[in-house]
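Undergrad: Enclosed is the structure file entry_21.txt (compact mmCIF, C-alpha atoms and all ligand atoms).
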# COMPACT_ATOMS: atom_id res chain seq x y z
CA MET T 1 100.75 110.63 130.54
CA GLY T 2 103.85 109.81 128.50
CA ILE T 3 104.29 108.07 125.15
CA THR T 4 101.91 105.38 123.86
CA MET T 5 103.75 103.09 121.43
CA VAL T 6 101.82 101.41 118.61
CA THR T 7 103.45 98.27 117.18
CA GLY T 8 102.43 97.10 113.72
CA ALA T 9 101.89 100.72 112.79
CA ASN T 10 101.71 100.00 109.06
CA GLY T 11 98.97 97.42 109.44
CA LEU T 12 95.22 97.74 109.35
CA VAL T 13 94.60 98.87 112.95
CA GLY T 14 97.82 100.91 113.09
CA TYR T 15 96.68 102.86 110.04
CA ALA T 16 93.23 103.42 111.58
CA LEU T 17 94.83 104.66 114.83
CA ARG T 18 96.80 107.23 112.84
CA GLN T 19 93.53 108.64 111.47
CA MET T 20 92.51 109.54 115.04
CA HIS T 21 95.40 112.02 115.34
CA GLU T 22 95.85 111.29 119.04
CA PRO T 23 98.79 113.15 120.57
CA ASP T 24 101.81 111.34 122.07
CA LEU T 25 101.51 108.19 119.97
CA ALA T 26 104.76 106.67 118.67
CA TYR T 27 104.22 104.43 115.64
CA VAL T 28 106.70 101.63 115.11
CA SER T 29 106.85 99.09 112.30
CA ARG T 30 109.14 96.43 110.84
CA ALA T 31 111.59 99.13 109.77
CA ASP T 32 112.16 100.09 113.44
CA ALA T 33 112.68 96.61 114.89
CA ASP T 34 112.26 92.93 114.11
CA LEU T 35 109.99 91.99 117.00
CA THR T 36 110.82 88.29 116.62
CA ASP T 37 114.29 89.28 117.90
CA PHE T 38 114.50 89.89 121.64
CA ASN T 39 117.51 92.23 121.55
CA GLN T 40 116.00 94.41 118.83
CA THR T 41 112.72 94.57 120.74
CA LYS T 42 114.48 95.54 123.97
CA ALA T 43 116.47 98.24 122.14
CA LEU T 44 113.21 99.58 120.69
CA PHE T 45 111.65 99.91 124.15
CA ASN T 46 114.82 101.64 125.39
CA ARG T 47 114.66 104.13 122.51
CA VAL T 48 110.92 104.92 122.67
CA GLN T 49 110.45 104.66 126.47
CA PRO T 50 106.68 104.05 126.24
CA ASP T 51 104.31 104.37 129.18
CA ARG T 52 101.65 102.44 127.32
CA VAL T 53 101.61 100.05 124.36
CA ILE T 54 98.99 99.25 121.72
CA HIS T 55 100.39 96.00 120.39
CA CYS T 56 99.02 95.38 116.88
CA ALA T 57 102.02 93.70 115.27
CA ALA T 58 101.35 90.12 114.19
CA GLU T 59 101.88 87.69 111.34
CA VAL T 60 98.37 87.31 109.91
CA GLY T 61 96.60 86.02 106.85
CA GLY T 62 93.24 84.77 105.69
CA ILE T 63 92.17 81.17 105.37
CA GLY T 64 94.62 80.63 102.48
CA GLY T 65 97.66 81.99 104.32
CA ASN T 66 96.74 80.18 107.52
CA MET T 67 96.53 76.78 105.86
CA ILE T 68 99.87 77.12 104.07
CA HIS T 69 101.88 78.92 106.75
CA SER T 70 100.77 77.22 109.98
CA GLY T 71 104.37 76.81 111.20
CA GLU T 72 105.50 80.28 110.25
CA TYR T 73 102.44 81.96 111.79
CA PHE T 74 102.85 79.94 115.00
CA ARG T 75 106.58 80.66 115.37
CA ASN T 76 106.49 84.35 114.49
CA ASN T 77 103.46 85.21 116.59
CA ILE T 78 104.79 83.35 119.64
CA MET T 79 108.12 85.15 119.36
CA ILE T 80 106.64 88.60 118.68
CA ASN T 81 104.27 88.39 121.64
CA LEU T 82 106.76 86.83 124.03
CA ASN T 83 109.29 89.58 123.25
CA VAL T 84 106.88 92.52 123.27
CA LEU T 85 105.15 91.64 126.54
CA GLU T 86 108.40 90.71 128.26
CA CYS T 87 110.13 93.93 127.15
CA ALA T 88 107.07 95.91 128.22
CA ARG T 89 107.28 94.30 131.65
CA LEU T 90 111.02 94.98 131.94
CA ALA T 91 110.48 98.59 130.85
CA GLY T 92 107.76 99.13 133.47
CA VAL T 93 105.01 99.79 130.90
CA LYS T 94 101.86 100.80 132.78
CA LYS T 95 99.28 99.51 130.31
CA LEU T 96 99.38 97.25 127.27
CA ILE T 97 96.59 96.11 125.00
CA SER T 98 97.08 93.27 122.53
CA PHE T 99 94.75 91.64 120.02
CA MET T 100 93.56 88.14 119.32
CA SER T 101 90.77 87.25 116.91
CA THR T 102 87.56 85.27 117.24
CA CYS T 103 89.08 82.71 114.84
CA VAL T 104 91.26 81.47 117.72
CA PHE T 105 88.26 80.12 119.67
CA PRO T 106 87.56 76.36 119.86
CA ASP T 107 86.10 74.86 116.71
CA SER T 108 83.33 73.05 118.57
CA CYS T 109 82.00 75.56 120.99
CA THR T 110 78.61 76.74 122.14
CA TYR T 111 77.57 79.92 120.36
CA PRO T 112 77.76 82.80 120.75
CA LEU T 113 81.48 82.65 121.52
CA ASN T 114 82.11 84.01 124.97
CA GLU T 115 85.36 85.27 126.48
CA ARG T 116 85.40 82.45 129.05
CA ASP T 117 85.38 79.69 126.37
CA LEU T 118 88.69 80.65 124.79
CA HIS T 119 90.65 77.57 125.87
CA ASN T 120 87.86 75.00 125.95
CA GLY T 121 88.96 72.90 122.97
CA PRO T 122 91.17 72.89 119.88
CA PRO T 123 90.76 75.60 117.23
CA HIS T 124 89.57 74.96 113.66
CA PRO T 125 92.21 72.90 111.78
CA SER T 126 92.46 75.58 109.07
CA ASN T 127 94.27 78.00 111.42
CA PHE T 128 95.54 76.03 114.38
CA GLY T 129 99.14 77.36 114.27
CA TYR T 130 98.02 80.99 114.40
CA ALA T 131 95.26 80.27 116.89
CA TYR T 132 97.39 78.49 119.48
CA ALA T 133 100.05 81.18 119.26
CA LYS T 134 97.47 83.94 119.73
CA ARG T 135 95.81 82.18 122.67
CA MET T 136 99.13 82.45 124.49
CA LEU T 137 98.70 86.25 124.55
CA GLU T 138 95.91 85.77 127.04
CA VAL T 139 97.95 83.24 129.03
CA GLN T 140 101.04 85.49 129.14
CA SER T 141 99.04 88.62 130.04
CA SER T 142 97.21 86.80 132.80
CA ALA T 143 100.37 85.17 134.19
CA TYR T 144 102.17 88.53 134.20
CA ARG T 145 99.22 90.16 135.93
CA LYS T 146 99.31 87.51 138.67
CA GLU T 147 103.03 87.54 139.32
CA TRP T 148 104.03 91.09 138.45
CA GLN T 149 100.72 93.00 138.52
CA CYS T 150 101.17 94.06 134.87
CA ASP T 151 98.03 95.81 133.59
CA PHE T 152 98.12 93.93 130.27
CA ILE T 153 94.72 93.44 128.62
CA VAL T 154 93.58 91.48 125.57
CA ALA T 155 90.90 92.40 123.04
CA ILE T 156 89.31 89.87 120.68
CA PRO T 157 87.96 91.57 117.55
CA THR T 158 85.95 89.74 114.93
CA ASN T 159 87.02 89.98 111.23
CA ILE T 160 88.58 93.45 110.82
CA TYR T 161 88.64 95.18 107.44
CA GLY T 162 89.30 98.68 106.13
CA PRO T 163 91.84 100.93 104.39
CA ASN T 164 95.49 99.85 104.23
CA ASP T 165 94.66 96.15 104.58
CA ASN T 166 96.77 93.38 103.03
CA TRP T 167 95.20 92.96 99.58
CA SER T 168 96.97 89.69 98.73
CA LEU T 169 94.90 87.53 96.38
CA HIS T 170 96.11 84.32 98.06
CA ASP T 171 96.97 85.06 101.70
CA GLY T 172 94.60 87.96 102.45
CA HIS T 173 91.33 88.00 104.36
CA VAL T 174 88.09 87.74 102.47
CA ILE T 175 87.18 91.44 102.12
CA PRO T 176 90.55 92.78 100.90
CA SER T 177 91.14 89.75 98.65
CA LEU T 178 87.75 90.10 97.05
CA VAL T 179 88.00 93.87 96.65
CA HIS T 180 91.28 93.32 94.82
CA ARG T 181 89.99 90.41 92.75
CA CYS T 182 86.76 92.22 91.85
CA TYR T 183 88.74 95.32 90.84
CA LEU T 184 90.87 93.20 88.48
CA ALA T 185 87.84 91.30 87.10
CA LYS T 186 86.16 94.60 86.27
CA LYS T 187 89.30 95.96 84.64
CA ASN T 188 89.75 92.80 82.52
CA GLY T 189 86.05 92.35 81.72
CA GLU T 190 85.97 88.95 83.49
CA ASP T 191 83.60 87.23 85.94
CA LEU T 192 84.44 87.19 89.67
CA THR T 193 85.37 83.86 91.26
CA VAL T 194 84.58 83.68 94.97
CA TRP T 195 86.00 80.93 97.22
CA GLY T 196 83.60 78.39 98.70
CA SER T 197 79.81 78.42 98.73
CA GLY T 198 79.16 81.98 99.87
CA THR T 199 76.95 80.69 102.70
CA PRO T 200 79.36 81.00 105.68
CA LEU T 201 78.51 83.80 108.09
CA ARG T 202 80.99 86.23 109.61
CA GLU T 203 80.92 89.31 111.83
CA PHE T 204 82.94 92.11 110.24
CA VAL T 205 84.17 95.18 112.03
CA PHE T 206 85.57 98.32 110.42
CA ALA T 207 89.18 99.08 111.44
CA ASN T 208 88.32 102.63 112.59
CA ASP T 209 85.87 101.16 115.12
CA ILE T 210 88.63 98.92 116.49
CA ALA T 211 90.96 101.92 116.79
CA GLN T 212 88.33 103.77 118.83
CA LEU T 213 87.60 100.75 121.01
CA ALA T 214 91.32 100.15 121.58
CA ALA T 215 91.77 103.74 122.74
CA TRP T 216 88.79 103.33 125.06
CA ALA T 217 90.06 100.02 126.49
CA LEU T 218 93.49 101.44 127.12
CA ASN T 219 91.91 104.03 129.41
CA ARG T 220 89.02 102.12 130.89
CA TYR T 221 89.39 98.33 130.75
CA SER T 222 91.52 96.40 133.23
CA GLU T 223 89.93 92.97 133.60
CA ASP T 224 92.10 89.87 133.69
CA SER T 225 89.85 88.22 131.11
CA PRO T 226 89.72 89.40 127.46
CA ILE T 227 86.97 91.48 125.89
CA ILE T 228 85.35 90.68 122.53
CA PHE T 229 84.98 93.63 120.14
CA THR T 230 81.93 92.80 118.03
CA SER T 231 78.71 94.34 116.85
CA GLY T 232 77.13 90.88 117.15
CA ILE T 233 75.77 91.19 113.58
CA GLU T 234 76.41 88.29 111.19
CA ILE T 235 76.50 88.61 107.40
CA SER T 236 76.98 85.94 104.71
CA ILE T 237 80.01 85.91 102.42
CA ARG T 238 77.57 86.22 99.50
CA ASP T 239 76.15 89.47 100.92
CA VAL T 240 79.67 90.79 101.46
CA VAL T 241 80.59 90.01 97.84
CA GLU T 242 77.44 91.71 96.59
CA ASN T 243 78.32 94.81 98.61
CA ILE T 244 81.84 94.83 97.17
CA ALA T 245 80.53 94.33 93.62
CA GLY T 246 78.05 97.19 94.17
CA ALA T 247 80.70 99.54 95.55
CA LEU T 248 82.97 98.81 92.56
CA ASN T 249 80.09 99.01 90.10
CA PHE T 250 81.04 95.52 88.85
CA LYS T 251 78.65 94.19 86.22
CA GLY T 252 80.06 90.66 85.62
CA SER T 253 78.79 87.40 87.18
CA LEU T 254 79.69 86.01 90.59
CA ILE T 255 80.93 82.40 90.43
CA PHE T 256 81.21 80.44 93.67
CA ASP T 257 84.06 77.90 93.57
CA PRO T 258 83.28 74.89 95.81
CA SER T 259 86.81 73.50 95.38
CA LYS T 260 88.04 76.32 97.66
CA PRO T 261 87.54 76.11 101.45
CA ASP T 262 84.53 77.53 103.30
CA GLY T 263 86.28 77.38 106.68
CA GLN T 264 84.03 77.47 109.72
CA PHE T 265 80.37 77.86 108.82
CA ARG T 266 79.77 80.52 111.43
CA LYS T 267 81.30 81.75 114.66
CA PRO T 268 78.96 84.33 116.17
CA SER T 269 80.41 86.05 119.20
CA ASP T 270 78.89 87.50 122.32
CA PRO T 271 78.72 91.32 122.51
CA THR T 272 77.35 91.27 126.09
CA LYS T 273 80.53 92.31 127.88
CA LEU T 274 81.30 95.17 125.48
CA LYS T 275 77.69 96.35 125.64
CA LYS T 276 77.83 96.37 129.41
CA TYR T 277 80.71 98.86 129.25
CA LEU T 278 79.67 100.79 126.12
CA PRO T 279 75.92 100.44 125.59
CA ASP T 280 75.80 103.30 123.08
CA PHE T 281 78.79 102.47 120.90
CA GLU T 282 77.76 102.65 117.23
CA PHE T 283 79.56 100.29 114.86
CA THR T 284 80.08 101.39 111.27
CA GLY T 285 77.56 99.60 109.01
CA ILE T 286 78.98 97.10 106.51
CA GLU T 287 77.78 99.05 103.47
CA LYS T 288 79.42 102.28 104.57
CA GLY T 289 82.58 100.47 105.68
CA ILE T 290 82.95 98.58 102.39
CA THR T 291 82.31 101.72 100.34
CA ASN T 292 84.99 103.55 102.30
CA THR T 293 87.41 100.59 101.92
CA VAL T 294 86.80 100.30 98.16
CA GLU T 295 87.30 104.06 97.70
CA TRP T 296 90.61 103.84 99.52
CA PHE T 297 91.71 100.88 97.39
CA GLU T 298 90.81 102.60 94.11
CA ALA T 299 92.63 105.77 95.17
CA HIS T 300 95.82 103.92 96.17
CA TYR T 301 96.09 100.99 93.73
CA PRO T 302 98.69 99.73 92.73
CA ASN T 303 100.61 101.25 95.67
CA VAL T 304 99.01 98.94 98.24
CA ARG T 305 100.21 96.06 100.43
CA MET T 306 99.71 92.74 98.65
P1 LIG T 401 88.15 83.41 108.44
O1 LIG T 401 87.01 84.29 108.86
O2 LIG T 401 89.15 83.22 109.52
O3 LIG T 401 87.67 82.08 107.89
O4 LIG T 401 88.99 84.14 107.32
P2 LIG T 401 88.75 84.85 105.92
O5 LIG T 401 88.72 86.31 106.09
O6 LIG T 401 89.82 84.31 105.03
O7 LIG T 401 87.28 84.45 105.37
C1 LIG T 401 87.10 83.18 104.86
C2 LIG T 401 85.71 83.02 104.27
O8 LIG T 401 85.54 83.82 103.11
C3 LIG T 401 85.53 81.57 103.82
O9 LIG T 401 84.17 81.19 103.94
C4 LIG T 401 85.94 81.63 102.35
O10 LIG T 401 85.36 80.58 101.59
C5 LIG T 401 85.35 82.99 101.95
N1 LIG T 401 86.04 83.58 100.79
C6 LIG T 401 85.49 83.81 99.58
N2 LIG T 401 86.37 84.34 98.73
C7 LIG T 401 87.54 84.50 99.41
C8 LIG T 401 88.82 85.02 99.05
O11 LIG T 401 89.10 85.45 97.94
N3 LIG T 401 89.76 85.03 100.06
C9 LIG T 401 89.50 84.56 101.31
N4 LIG T 401 90.46 84.62 102.24
N5 LIG T 401 88.30 84.05 101.66
C10 LIG T 401 87.32 84.01 100.73
Give the structure from the file, written as structure tokens.
Ligand code: GDP

TA:
Amino acid sequence: MGITMVTGANGLVGYALRQMHEPDLAYVSRADADLTDFNQTKALFNRVQPDRVIHCAAEVGGIGGNMIHSGEYFRNNIMINLNVLECARLAGVKKLISFMSTCVFPDSCTYPLNERDLHNGPPHPSNFGYAYAKRMLEVQSSAYRKEWQCDFIVAIPTNIYGPNDNWSLHDGHVIPSLVHRCYLAKKNGEDLTVWGSGTPLREFVFANDIAQLAAWALNRYSEDSPIIFTSGIEISIRDVVENIAGALNFKGSLIFDPSKPDGQFRKPSDPTKLKKYLPDFEFTGIEKGITNTVEWFEAHYPNVRM
């Protein structure tokens, strides 16, 4: 087997993949090519000559970033994916895995979210630009499989968190934003303000688990339809915050700010397909994952993405 190229190598999943120390992986990031540019993307494929691609590059943000940057997230994700999959096809790449997110599913949907419901209705208004762009990954992969027999697969992880996340206080996802905010509140002797009511439920998955599942899927999964990567375990935002506060040994009060958005109340997803393939896969528990994430943040701050 030749080279496996990882796009978005400086992101959350790219960083987790590096920790696996797999041989023959080529990590590429923004410094190597602007993937929104077709010619730069094509030149990158010519230079690296990958046999396989783990496509992690994307323009992403939490609920804050998604609401403000709906146009930017739509445009950049459409262009990145169109270019990467097309250049992979032209280069004769044998296998490609790309990632969506369970937040791209229809807003009104029967739960748990199942792979076959992906296109059955509009996404939640808070992230529709990102969601529609990401749904096209599945459409493009499937269309390429039909016409050109490309073995391009799509994974749908739930909320990923872990070391080397984007710790932005405004555009980040809930775990990294709150780790950062809680760290600052502790340092300044202040209380911690949490967006929304704390009651929404989410399924979180540690980035190292996604790296392992991606490596598995690259070798073993070839269905036309996507596969959801989830433990199937829901946890409330309040419980997440309490875990973060515990890991940081934060002694101030938690204040829930109802003027900030809650987003979807819950979006449980169906682990059935993954369990069918990997009945014994053990997901990292939230407490262990958050402790590990907080330790990484404390060791690297202020030299972190934000
Ligand atoms: P989502 O799962 O796609 O909605 O994305 P997020 O990772 O941004 O999680 C959003 C949920 O976390 C909402 O219920 C927010 O109200 C809650 N939340 C609480 N504090 C924060 C915060 O500081 N940042 C973000 N992004 N979300 C927060």

Undergrad: Atom CA of Pro125 of chain T to atom CA of Ala143 of chain T: how many Å, to one decimal?

TA: 26.8 Å

Undergrad: Could you report the residues within 6 Å of ligand LIG 401 (chain T), using all atoms listed in the file, as a list in words?

TA: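 These are the residues that qualify: Gly62, Ile63, Gly64, Cys103, Gly172, His173, Val174, Ser177, Leu178, Val194, Trp195, Gly196, Pro200, Ile237, Pro261, Asp262 and Gly263 of chain T.
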
Undergrad: If we count only C-alpha atoms and set the cut-off at 9 Å, which residues sit around segment 264-280 of chain T, ignoring sequence neighbours fewer than 3 positions away in its own chain? Please answer as a list in words.

TA: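 Counting only the stated atoms, we get Thr102, Cys103, Phe105, Asp107, Cys109, Tyr111, Pro112, Leu113, Asn114, Glu115, His124, Ser126, Thr158, Thr199, Pro200, Leu201, Arg202, Glu203, Tyr221, Ile227, Ile228, Phe229, Thr230, Ser231, Gly232, Ile233 and Glu234 of chain T.
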
Undergrad: Near Asp151 of chain T, counting only C-alpha atoms, which residues have an atom at most 9 Å away, once you skip same-chain residues fewer than 5 positions from it, shown as a list in words?

TA: Val93, Lys94, Lys95, Leu96, Ile97, Ser141, Tyr144, Arg145, Ser222, Glu223 and Asp224 of chain T

Undergrad: Would you kindly return, as an NGL selection string, each protein, DNA or RNA residue with an atom no farther than 6 Å from any atom of Leu25 of chain T, considering only C-alpha atoms and excluding same-chain residues fewer than 3 positions away?

TA: :T and (3-5)

Undergrad: Could you give me, as a tab-separated table, every segment 159-214 of chain T residue with an atom at most 10 Å from segment 299-305 of chain T, plus its closest atom pair and distance in Å to one decimal, counting all atoms listed in the file, rows ordered by chain then number?

TA:
residue	atom	partner	partner_atom	distance
T:Pro163	CA	T:His300	CA	9.6
T:Asn164	CA	T:Val304	CA	7.0
T:Asp165	CA	T:Arg305	CA	6.9
T:Asn166	CA	T:Arg305	CA	5.1
T:Trp167	CA	T:Arg305	CA	6.0
T:Ser168	CA	T:Arg305	CA	7.3
T:His180	CA	T:Tyr301	CA	9.1
T:Tyr183	CA	T:Tyr301	CA	9.7

Undergrad: Go through T:Tyr130, T:Phe281, T:Phe99, T:Tyr15 one by one, measure the shortest atom-to-atom distance of each to Ile68 of chain T using only C-alpha atoms, and give the residue with the smallest value.

TA: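 Among T:Tyr130, T:Phe281, T:Phe99, T:Tyr15, it is T:Tyr130 that comes nearest to Ile68 of chain T.
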
Undergrad: Quick one, how far is atom CA of Gly65 of chain T from atom CA of Gln140 of chain T?

TA: 25.3 Å

Undergrad: Quick one: of T:Ala91, T:Val60, T:Val205, T:Arg52, who's nearest to Gly11 of chain T, counting all atoms listed in the file?

TA: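 Among T:Ala91, T:Val60, T:Val205, T:Arg52, it is T:Val60 that comes nearest to Gly11 of chain T.
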
Undergrad: Within 12 Å of (86.8, 91.1, 88.0), all atoms listed in the file: residues as a list in words?

TA: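 Residues with an atom close enough to that point: Ser177, Leu178, Val179, His180, Arg181, Cys182, Tyr183, Leu184, Ala185, Lys186, Lys187, Asn188, Gly189, Glu190, Asp191, Leu192, Thr193, Val194, Val241, Ile244, Ala245, Leu248, Asn249, Phe250, Lys251, Gly252, Ser253, Leu254 and Ile255 of chain T.
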
Undergrad: Give the answer as one residue: which of T:Asn127, T:Asn208, T:Asn243, T:Asn159 has the shortest atom-to-atom distance to Gly71 of chain T, using only C-alpha atoms?

TA: T:Asn127

Undergrad: Can you work out which one of T:Pro23, T:Gly285, T:Gly198, T:Pro176 has the shortest atom-to-atom distance to Glu298 of chain T, counting only C-alpha atoms?

TA: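 Nearest candidate to Glu298 of chain T out of T:Pro23, T:Gly285, T:Gly198, T:Pro176: T:Pro176.
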
Undergrad: How many Å separate atom CA of Gly61 of chain T from atom CA of Leu218 of chain T?

TA: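 These two atoms are separated by 25.7 Å.
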
Undergrad: Can you tell me, as a CSV table (one decimal) with C-alpha atoms, in the frame of the given file, what residues are no more than 9 Å from Asn81 of chain T when counting all atoms listed in the file, ignoring any on the same chain fewer than 4 positions away?

TA:
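The result, stored in selection_0.csv:
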chain,number,residue,atom,x,y,z
T,35,LEU,CA,110.0,92.0,117.0
T,36,THR,CA,110.8,88.3,116.6
T,55,HIS,CA,100.4,96.0,120.4
T,57,ALA,CA,102.0,93.7,115.3
T,58,ALA,CA,101.4,90.1,114.2
T,76,ASN,CA,106.5,84.4,114.5
T,77,ASN,CA,103.5,85.2,116.6
T,85,LEU,CA,105.2,91.6,126.5
T,86,GLU,CA,108.4,90.7,128.3
T,98,SER,CA,97.1,93.3,122.5
T,133,ALA,CA,100.0,81.2,119.3
T,134,LYS,CA,97.5,83.9,119.7
T,136,MET,CA,99.1,82.4,124.5
T,137,LEU,CA,98.7,86.2,124.6
T,140,GLN,CA,101.0,85.5,129.1

Undergrad: Box time for segment 39-45 of chain T: axis-aligned, enclosing all its listed atoms, 3 Å extra on each side; report centre and edge lengths in Å to one decimal, as AutoDock Vina command-line options.

TA:
--center_x 114.6 --center_y 96.1 --center_z 121.5 --size_x 11.9 --size_y 13.7 --size_z 11.3

Undergrad: I need the residue nearest Thr41 of chain T from this list: T:Ile175, T:Leu118, T:Cys150, T:Val84. Use all atoms listed in the file for the distance.

TA: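 Among the listed residues, T:Val84 lies closest to Thr41 of chain T.
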
Undergrad: Using all atoms listed in the file, can you tell me which of T:Ala16, T:Ala43, T:Ala88, T:Leu82 comes closest to Trp148 of chain T?

TA: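 Closest residue, counting all atoms listed in the file: T:Ala88.
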